[in-house]
Each structure stands twice: as structure tokens, then as C-alpha cells.
Protein chains: 2
Amino acid sequence: MSSEMFMRLAVKKALDGVRKGQAPFGACVVKDGKVISCEHNAVWKMKDCTAHAEIVALRKACEKLGTIDLSGCEVYSTCEPCPMCFSACHWAKISRICYGTRIEDAKRFGFNELQISNEQMKGQANSKMEIEAGFMRDECMEVFKEWQKRQGLSY
Amino acid sequence: MSSEMFMRLAVKKALDGVRKGQAPFGACVVKDGKVISCEHNAVWKMKDCTAHAEIVALRKACEKLGTIDLSGCEVYSTCEPCPMCFSACHWAKISRICYGTRIEDAKRFGFNELQISNEQMKGQANSKMEIEAGFMRDECMEVFKEWQKRQGLSY
């Protein structure tokens, strides 16, 4: 499977979430070219303020692989991970984060807290995380647009 | 109950965790002078890389109070929350974080990743979180010492 396919799965999962009333974010954990977990944000569904897409996907990956060490795994996320999720990726020893939209894009749609970019986090934490930004941004943006439509909001 | 009692509970829980082979961190969520949850780090026990003491305590508090909005709650943590936990507190709308030892203290005991202080996170994220640092630091330090003893390590 290709990077495009992984991101497309994350987008599909995020759209599933939006249709179920969840926040518009999706993430896949991938290892050796295989999807280990793919989840959408489940904060409202699980009534858990930590249940961002990346966190839920990391937890599931730990469970599936039976380890807290996700070295060699990559995270594909429809949006730039927030500082909580970036830090969680770091603790899990994720090697690479690939994301579509940026925290600033999320802000335009009303998700406007914790404006610390992954590059800032990486620099300050002296992390070796590989980061690919803006990957398939247009497709990832569709998730926000779908969410916005369902909110009946206009910007 | 007083702040001292809340922190003492967090220390006791952290020591419980250490005796069960878990990492040396504990945290309480408190609302209106009552303990809502008190947990130790459970990363190894739960095989969940995100199961830091604060995260587990926040999740439990959300579950117990039936909401993702922990406005008005305080977090007492034996050690300065890492950036993941600080961000989780922010998402949960925690009003105040009170902690004992600092991230640098944790570093001395081998927990040396993600050196971004709560003050740095707060400043950059433009957060209104109230932070009390160094509260009952000596008692909180005992948790690290107990952990160190059990590792058979010397520094």
C-alpha cells in the first residue's frame, strides 16, 4: 500500500466519524507498509477528553502489537497533531508523522486552541521525529468542509 | 481537604504504582475540595504508551463526572506534567495544575525526554492555566528515590 492509500484511509475514517457526530480528525498507524490501526476522533463518543484520533490509534496499535514501543511505525493524520498527540507519538517512539492540513487550517474551522506547531514541538523537545507536512492537504480539507456543512455554520 | 492532603494522596498512589513495577508518577483530579480520581502511571500495566498518571486520572474524571469538560477541576501531580499531559489538561479545561518535582528532576532519574516546561507550553499556547510549581517537592522526590532503589541503580 502507498502513502496516498494510508492517508485516504485516515480521511475515510475521519468522514465516518463526522457522520457519526464526532470531531473531524482521522489517523492511521502504519508499520512495514501495513495498517495497524485507523481511528477517528472519539472525544464525544467515548466521553474522553484525550480521545483524539492519533491517541486512539496509538492505543489500539499498542494493544494490537502488544507493546508500548512503536518504533518503526508511522502516523498518517488528516490534520497536524496537536501538542498532546505529537508528544504521545514521541513517547510511543513513532518514527514519522505525515499530515494533511495544518493547525492553522483547523483554527479557521473553529478548532483554535494550543497553537504550537509540530516543528516547534520537535525543535524544543530535541526530537528526531520525521515530519511530512501538507500531504494531500486538499483531500484532508474535505473533512473539515463536511464537518462545517453538518454544523450549519458559515465562515 | 487541603492541598497538602491532595498531593499526599498523589504521592501515595505513585508509591503504590512503583511497588507494582510502574513508573514513578501519580496524579489527582480535584473538584470543589473533593478527589474525583487519583491514579498512578500505568503505561506498563495497561500496555498503553499514553497512560501517564495525569491522562489516566483525567479519563477517569471524565468518566465519573460524565463530561469532557473538567472546568473548575484542579490537577495535583507529583511531577510537572509532560507536554502530552499539559495539553490534555488544557483540552479538559482544567483550571489549575499544582506539581511537585520538575521535568529536570525527572531527567536526573533517567526520564529525559520532551524537555518542554509547563510555563513554555502555557506561554506558546496562550493558555490561561494556573500553575503552581514545586509544591511539596521533597515529598514528591521520595517517589523517584523509591523507584531508583527498586531499579538497583545509582546516580
# chains A, B, ... in the order shown; residues from 1 in each chain; ligands from 1
>>> residues_around(residues="B:Ala51", least_positions_apart="2", cutoff="12 Å", atoms="only C-alpha atoms", output="count of residues only")
37
>>> select_by_dssp(residues="stretch 12-121 of chain A", states="helix (DSSP H, G or I)", output="PyMOL selection string")
chain A and resi 12-19+43-46+53-65+83-91+103-108+118-121
>>> select_by_dssp(residues="chain A", states="strand (DSSP E or B)", output="PyMOL selection string")
chain A and resi 26-31+34-40+73-79+96-101+130-132
>>> residues_around(residues="stretch 145-153 of chain B", least_positions_apart="6", cutoff="10 Å", atoms="only C-alpha atoms", output="JSON, numbers by chain")
{"B": [14, 15, 17, 18, 19, 21, 22, 23, 24, 25, 109, 110]}
>>> closest_residue(among="A:His90, A:Lys107, A:Lys34, A:Arg102", to="chain B", atoms="only C-alpha atoms")
A:His90
>>> residues_around(residues="B:Gln124", least_positions_apart="5", cutoff="8 Å", atoms="only C-alpha atoms", output="MDAnalysis selection string")
chainID A and resid 114:116
>>> write_last_selection(atoms="C-alpha atoms", output="mmCIF file, in the first residue's frame")
data_model
loop_
_atom_site.group_PDB
_atom_site.id
_atom_site.type_symbol
_atom_site.label_atom_id
_atom_site.label_comp_id
_atom_site.auth_asym_id
_atom_site.auth_seq_id
_atom_site.Cartn_x
_atom_site.Cartn_y
_atom_site.Cartn_z
ATOM 1 C CA LEU A 114 -2.979 25.127 21.524
ATOM 2 C CA GLN A 115 -1.326 26.815 18.554
ATOM 3 C CA ILE A 116 2.040 25.100 18.840
#
>>> residues_around(residues="B:Met121", least_positions_apart="4", cutoff="10 Å", atoms="only C-alpha atoms", output="count of residues only")
14
>>> atom_distance(atom1="atom CA of B:Lys20", atom2="atom CA of A:His52")
29.0 Å
>>> closest_residue(among="A:Arg137, A:Pro81, A:Tyr76, A:Glu119", to="A:Val35", atoms="only C-alpha atoms")
A:Tyr76
>>> closest_residue(among="A:Met141, A:Cys89, A:Met5, A:Met136", to="A:Asn118", atoms="only C-alpha atoms")
A:Cys89
>>> closest_residue(among="B:Ile97, B:Ala10, B:Ile103, B:Cys38", to="chain A", atoms="only C-alpha atoms")
B:Ile103
>>> atom_distance(atom1="atom CA of B:Cys79", atom2="atom CA of B:Leu65")
24.6 Å
